[in-house]
Amino acid sequence: MPFRIEDTFRSALAAEKHKGEAGRPLAGMWVCSGSPLIAELCAGSGLDWLLIDAEHSPNGLESILAQLQAIHGYPVHTLVRPPVNDTVVIKQYLDLGVQNLLIPMVNSVAEAEAAVAATRYPQQGVRGVGSALARAARWNRVPDYLARANETISVTVQIESVAAVESVEDILKVDGVDAVFVGPSDLAASMGLLGQQEHSEVRAAVEHCLTAATAAGKPAGVNAFNPDTAQHYLDHGADFILVGADVALLARGSEALAAKFVKPTDGETRPSY
């Protein structure tokens with residue numbers, strides 16, 4: 001029985017562009033807990049997209065697979081961020097059935113080209129051929145998967161260093177780079193402003209990337225948990241945005257409950273971590 005592959009994040013972004021003034025940016029959140037249950041809960045939230053993170057979160061191949069399966073069937077696009085821009089890691093993610101990749105720490109044209117090459121079969125790239133063994137092709141149940149694989153994959157690269165900002169115009173020209181995503185936290189650190197992602201110089205660097213993407217005709221996104229900052233970047237042309245994370249929502253929500261209902265007695269102090 002032939003199986004249908006879902007549309008890519010590239011297609012979703014393009015669809016909004018084609019709507020003209022009726023189109024809108026796509027809002028999403030991080031899924032970092034490693035829990036399929038939490039991933040499914042987030043998938044039904046009404047957000048446009050989710051980012052399963054394996055760079056700073058406890059996610060391996062098995063947990064990513066379980067989350068993909070849990071999310072499947074919900075009206076949401078799923079991106080997955082590997083821990084590194086590595087050919088072998090990317091091959092494993094693709095064979096697992098990941099369709100939309102967010103590649104971290106892409107600082108140059110060469111690194112962007114390597115990321116794209118890792119998603120393409122020879123002779124366009126270096127992806128290993130294992131479709132008969134892989135969920136990506138539904139174990140060869142997807143008709144003509146090898147010939148059509150590129151259509152099923154989108155590649156977004158992260159701009160999160162001074163070097164990347166300086167090269168963003170050239171990175172945007174790389175064939176196969178479908179979008180760029182700016183990470184203000186690492187960018188701030190690269191600029192010598194660790195922990196100051198709201199700094200005016202960091203904001204200016206983010207805006208530069210958004211402007212460059214608009215000029216190149218490619219989508220650009222940004223991470224912004226602060227609602228005012230998020231709106232600022234949306235007003236400056238961001239096409240997609242991350243506005244929260246499962247673990248952050250749980251942390252702040254549980255802290256709010258403790259602050260409201262846990263009243264220290266005389267002499268009692270709360271633990272500080």
# chains A, B, ... in the order shown; residues from 1 in each chain; ligands from 1
>>> select_by_dssp(residues="region 21-260 of chain A", states="strand (DSSP E or B)", output="number ranges by chain")
A: 26-31, 49-53, 77-81, 100-103, 154-159, 179-182, 220-223, 240-245
>>> write_last_selection(atoms="N, CA, C and O atoms", output="compact mmCIF listing (two decimals), in the first residue's frame")
# COMPACT_ATOMS: atom_id res chain seq x y z
N LEU A 26 4.41 32.15 11.05
CA LEU A 26 4.08 30.88 11.69
C LEU A 26 4.70 30.85 13.09
O LEU A 26 5.90 31.04 13.25
N ALA A 27 3.86 30.63 14.09
CA ALA A 27 4.30 30.65 15.49
C ALA A 27 4.48 29.24 16.01
O ALA A 27 3.63 28.36 15.78
N GLY A 28 5.58 29.01 16.73
CA GLY A 28 5.85 27.69 17.25
C GLY A 28 6.47 27.71 18.63
O GLY A 28 6.66 28.77 19.24
N MET A 29 6.79 26.51 19.13
CA MET A 29 7.41 26.39 20.45
C MET A 29 8.41 25.24 20.44
O MET A 29 8.35 24.33 19.61
N TRP A 30 9.34 25.29 21.40
CA TRP A 30 10.32 24.25 21.61
C TRP A 30 9.67 23.06 22.32
O TRP A 30 8.84 23.24 23.21
N VAL A 31 10.09 21.85 21.96
CA VAL A 31 9.72 20.65 22.68
C VAL A 31 11.04 20.01 23.14
O VAL A 31 11.76 19.42 22.34
N TRP A 49 3.85 25.19 14.51
CA TRP A 49 5.00 24.29 14.39
C TRP A 49 5.64 24.02 15.75
O TRP A 49 5.48 24.81 16.69
N LEU A 50 6.34 22.90 15.80
CA LEU A 50 7.08 22.50 16.98
C LEU A 50 8.53 22.25 16.60
O LEU A 50 8.81 21.81 15.48
N LEU A 51 9.43 22.52 17.53
CA LEU A 51 10.85 22.22 17.34
C LEU A 51 11.29 21.22 18.40
O LEU A 51 11.38 21.57 19.58
N ILE A 52 11.53 19.99 17.98
CA ILE A 52 12.13 18.99 18.88
C ILE A 52 13.62 19.23 18.90
O ILE A 52 14.29 19.16 17.87
N ASP A 53 14.15 19.49 20.09
CA ASP A 53 15.56 19.87 20.20
C ASP A 53 16.42 18.73 20.71
O ASP A 53 16.09 18.10 21.71
N HIS A 77 3.42 21.40 11.99
CA HIS A 77 4.68 21.04 11.33
C HIS A 77 5.74 20.81 12.40
O HIS A 77 5.80 21.55 13.40
N THR A 78 6.58 19.81 12.18
CA THR A 78 7.61 19.46 13.16
C THR A 78 9.00 19.63 12.56
O THR A 78 9.30 19.05 11.52
N LEU A 79 9.81 20.43 13.24
CA LEU A 79 11.23 20.54 12.91
C LEU A 79 12.02 19.83 13.99
O LEU A 79 11.57 19.76 15.15
N VAL A 80 13.19 19.32 13.63
CA VAL A 80 14.06 18.68 14.60
C VAL A 80 15.45 19.29 14.47
O VAL A 80 15.97 19.42 13.36
N ARG A 81 16.03 19.66 15.62
CA ARG A 81 17.38 20.21 15.61
C ARG A 81 18.37 19.16 16.11
O ARG A 81 18.31 18.74 17.27
N ASN A 100 11.96 17.94 8.39
CA ASN A 100 12.35 19.34 8.49
C ASN A 100 13.47 19.49 9.51
O ASN A 100 13.27 19.26 10.71
N LEU A 101 14.64 19.87 9.02
CA LEU A 101 15.82 19.99 9.87
C LEU A 101 16.14 21.44 10.17
O LEU A 101 16.06 22.31 9.29
N LEU A 102 16.52 21.70 11.43
CA LEU A 102 17.08 23.00 11.82
C LEU A 102 18.52 22.73 12.24
O LEU A 102 18.76 22.12 13.29
N ILE A 103 19.46 23.16 11.42
CA ILE A 103 20.87 22.83 11.65
C ILE A 103 21.53 23.94 12.46
O ILE A 103 21.54 25.11 12.05
N SER A 154 13.08 19.72 4.18
CA SER A 154 13.42 21.14 4.20
C SER A 154 14.62 21.35 5.13
O SER A 154 14.78 20.65 6.12
N VAL A 155 15.46 22.32 4.76
CA VAL A 155 16.67 22.61 5.52
C VAL A 155 16.66 24.08 5.95
O VAL A 155 16.66 24.98 5.11
N THR A 156 16.63 24.28 7.25
CA THR A 156 16.76 25.62 7.82
C THR A 156 18.07 25.66 8.59
O THR A 156 18.37 24.73 9.35
N VAL A 157 18.86 26.71 8.38
CA VAL A 157 20.15 26.80 9.08
C VAL A 157 20.11 27.94 10.10
O VAL A 157 19.46 28.95 9.89
N GLN A 158 20.81 27.71 11.20
CA GLN A 158 20.81 28.70 12.27
C GLN A 158 21.96 29.69 12.13
O GLN A 158 23.12 29.32 11.93
N ILE A 159 21.58 30.96 12.27
CA ILE A 159 22.53 32.06 12.29
C ILE A 159 22.66 32.49 13.74
O ILE A 159 21.73 33.07 14.31
N ALA A 179 15.60 28.24 4.49
CA ALA A 179 15.31 29.35 5.40
C ALA A 179 16.47 29.50 6.37
O ALA A 179 17.30 28.59 6.52
N VAL A 180 16.51 30.64 7.03
CA VAL A 180 17.47 30.85 8.12
C VAL A 180 16.70 31.15 9.40
O VAL A 180 15.59 31.67 9.37
N PHE A 181 17.32 30.78 10.51
CA PHE A 181 16.71 31.01 11.82
C PHE A 181 17.76 31.61 12.73
O PHE A 181 18.84 31.03 12.91
N VAL A 182 17.47 32.76 13.30
CA VAL A 182 18.44 33.47 14.12
C VAL A 182 18.26 33.08 15.58
O VAL A 182 17.15 33.11 16.12
N ALA A 220 12.84 33.89 7.00
CA ALA A 220 13.73 34.00 8.15
C ALA A 220 12.90 33.92 9.42
O ALA A 220 11.79 34.46 9.49
N GLY A 221 13.44 33.24 10.42
CA GLY A 221 12.77 33.13 11.70
C GLY A 221 13.70 33.54 12.83
O GLY A 221 14.88 33.79 12.62
N VAL A 222 13.14 33.58 14.04
CA VAL A 222 13.93 34.01 15.19
C VAL A 222 13.31 33.43 16.46
O VAL A 222 12.11 33.15 16.52
N ASN A 223 14.16 33.25 17.47
CA ASN A 223 13.71 32.79 18.78
C ASN A 223 13.47 34.01 19.67
O ASN A 223 14.35 34.87 19.79
N PHE A 240 8.69 33.32 10.68
CA PHE A 240 8.32 32.30 11.65
C PHE A 240 9.08 32.58 12.94
O PHE A 240 10.13 33.24 12.94
N ILE A 241 8.52 32.10 14.05
CA ILE A 241 9.07 32.49 15.35
C ILE A 241 8.79 31.41 16.38
O ILE A 241 7.79 30.69 16.29
N LEU A 242 9.71 31.28 17.33
CA LEU A 242 9.50 30.41 18.48
C LEU A 242 9.23 31.29 19.69
O LEU A 242 10.02 32.20 19.99
N VAL A 243 8.13 31.03 20.39
CA VAL A 243 7.71 31.94 21.45
C VAL A 243 7.63 31.28 22.83
O VAL A 243 7.15 31.91 23.78
N GLY A 244 8.09 30.04 22.95
CA GLY A 244 8.05 29.38 24.24
C GLY A 244 8.63 27.99 24.16
O GLY A 244 9.02 27.52 23.09
N ALA A 245 8.68 27.32 25.31
CA ALA A 245 9.21 25.96 25.39
C ALA A 245 8.45 25.18 26.44
O ALA A 245 8.06 25.73 27.48
>>> residues_around(residues="region 135-150 of chain A", least_positions_apart="3", cutoff="10 Å", atoms="only C-alpha atoms", output="list in words")
Met1, Pro2, Phe3, Arg4, Ile5, Leu65, Gln92, Tyr93, Leu94, Asp95, Leu96, Gly97, Val98, Gln99, Thr119, Arg120, Tyr121, Val129, Gly130, Ser131, Ala132, Ile153, Ser154 and Gly176 of chain A
>>> select_by_dssp(residues="region 175-229 of chain A", states="alpha helix (DSSP H)", output="PyMOL selection string")
chain A and resi 184-190+200-216+227-229
>>> write_last_selection(atoms="N, CA, C and O atoms", output="compact mmCIF listing (two decimals), in the first residue's frame")
# COMPACT_ATOMS: atom_id res chain seq x y z
N PRO A 184 19.26 34.47 19.02
CA PRO A 184 19.84 35.64 19.69
C PRO A 184 20.71 35.31 20.91
O PRO A 184 21.62 36.08 21.23
N SER A 185 20.46 34.21 21.60
CA SER A 185 21.24 33.92 22.81
C SER A 185 22.70 33.61 22.47
O SER A 185 23.62 34.21 23.04
N ASP A 186 22.93 32.68 21.54
CA ASP A 186 24.31 32.38 21.14
C ASP A 186 24.92 33.55 20.39
O ASP A 186 26.14 33.80 20.49
N LEU A 187 24.09 34.26 19.64
CA LEU A 187 24.60 35.43 18.93
C LEU A 187 25.10 36.47 19.92
O LEU A 187 26.19 37.05 19.74
N ALA A 188 24.33 36.71 20.98
CA ALA A 188 24.77 37.66 22.00
C ALA A 188 26.09 37.23 22.62
O ALA A 188 27.00 38.05 22.83
N ALA A 189 26.22 35.94 22.91
CA ALA A 189 27.47 35.44 23.49
C ALA A 189 28.64 35.66 22.54
O ALA A 189 29.73 36.06 22.95
N SER A 190 28.39 35.41 21.25
CA SER A 190 29.44 35.60 20.25
C SER A 190 29.87 37.05 20.15
O SER A 190 31.02 37.35 19.82
N SER A 200 20.68 46.22 22.32
CA SER A 200 20.38 46.91 21.05
C SER A 200 21.27 46.41 19.91
O SER A 200 20.83 46.33 18.76
N GLU A 201 22.53 46.08 20.21
CA GLU A 201 23.42 45.59 19.15
C GLU A 201 23.00 44.20 18.67
O GLU A 201 23.12 43.88 17.48
N VAL A 202 22.50 43.38 19.59
CA VAL A 202 22.02 42.05 19.21
C VAL A 202 20.76 42.20 18.36
O VAL A 202 20.62 41.55 17.32
N ARG A 203 19.86 43.06 18.79
CA ARG A 203 18.64 43.28 18.01
C ARG A 203 18.97 43.79 16.61
O ARG A 203 18.35 43.37 15.62
N ALA A 204 19.96 44.65 16.52
CA ALA A 204 20.35 45.19 15.20
C ALA A 204 20.88 44.07 14.31
O ALA A 204 20.61 44.04 13.10
N ALA A 205 21.65 43.15 14.90
CA ALA A 205 22.19 42.03 14.12
C ALA A 205 21.06 41.11 13.64
O ALA A 205 21.08 40.64 12.50
N VAL A 206 20.08 40.86 14.50
CA VAL A 206 18.93 40.04 14.11
C VAL A 206 18.17 40.73 12.97
O VAL A 206 17.81 40.10 11.97
N GLU A 207 17.94 42.02 13.11
CA GLU A 207 17.21 42.77 12.08
C GLU A 207 17.97 42.75 10.76
O GLU A 207 17.35 42.67 9.68
N HIS A 208 19.29 42.79 10.82
CA HIS A 208 20.10 42.71 9.60
C HIS A 208 19.83 41.39 8.87
O HIS A 208 19.67 41.36 7.64
N CYS A 209 19.76 40.30 9.64
CA CYS A 209 19.50 38.98 9.03
C CYS A 209 18.11 38.91 8.43
O CYS A 209 17.91 38.34 7.35
N LEU A 210 17.13 39.48 9.12
CA LEU A 210 15.76 39.48 8.61
C LEU A 210 15.68 40.27 7.31
O LEU A 210 15.02 39.85 6.35
N THR A 211 16.35 41.39 7.27
CA THR A 211 16.36 42.22 6.06
C THR A 211 17.06 41.50 4.91
O THR A 211 16.60 41.53 3.76
N ALA A 212 18.18 40.84 5.21
CA ALA A 212 18.92 40.11 4.18
C ALA A 212 18.07 38.98 3.60
O ALA A 212 18.09 38.73 2.39
N ALA A 213 17.32 38.29 4.46
CA ALA A 213 16.47 37.20 3.99
C ALA A 213 15.35 37.72 3.09
O ALA A 213 15.05 37.11 2.06
N THR A 214 14.76 38.82 3.48
CA THR A 214 13.71 39.42 2.66
C THR A 214 14.26 39.78 1.28
O THR A 214 13.63 39.50 0.25
N ALA A 215 15.46 40.36 1.25
CA ALA A 215 16.08 40.73 -0.02
C ALA A 215 16.39 39.50 -0.87
O ALA A 215 16.31 39.56 -2.10
N ALA A 216 16.72 38.39 -0.21
CA ALA A 216 17.06 37.16 -0.93
C ALA A 216 15.82 36.37 -1.33
O ALA A 216 15.93 35.38 -2.07
N PRO A 227 7.39 38.49 24.79
CA PRO A 227 6.34 38.85 23.83
C PRO A 227 6.60 40.17 23.09
O PRO A 227 6.32 40.27 21.90
N ASP A 228 7.14 41.15 23.80
CA ASP A 228 7.42 42.43 23.14
C ASP A 228 8.52 42.27 22.10
O ASP A 228 8.45 42.86 21.01
N THR A 229 9.54 41.49 22.44
CA THR A 229 10.63 41.24 21.49
C THR A 229 10.12 40.45 20.30
O THR A 229 10.49 40.73 19.14
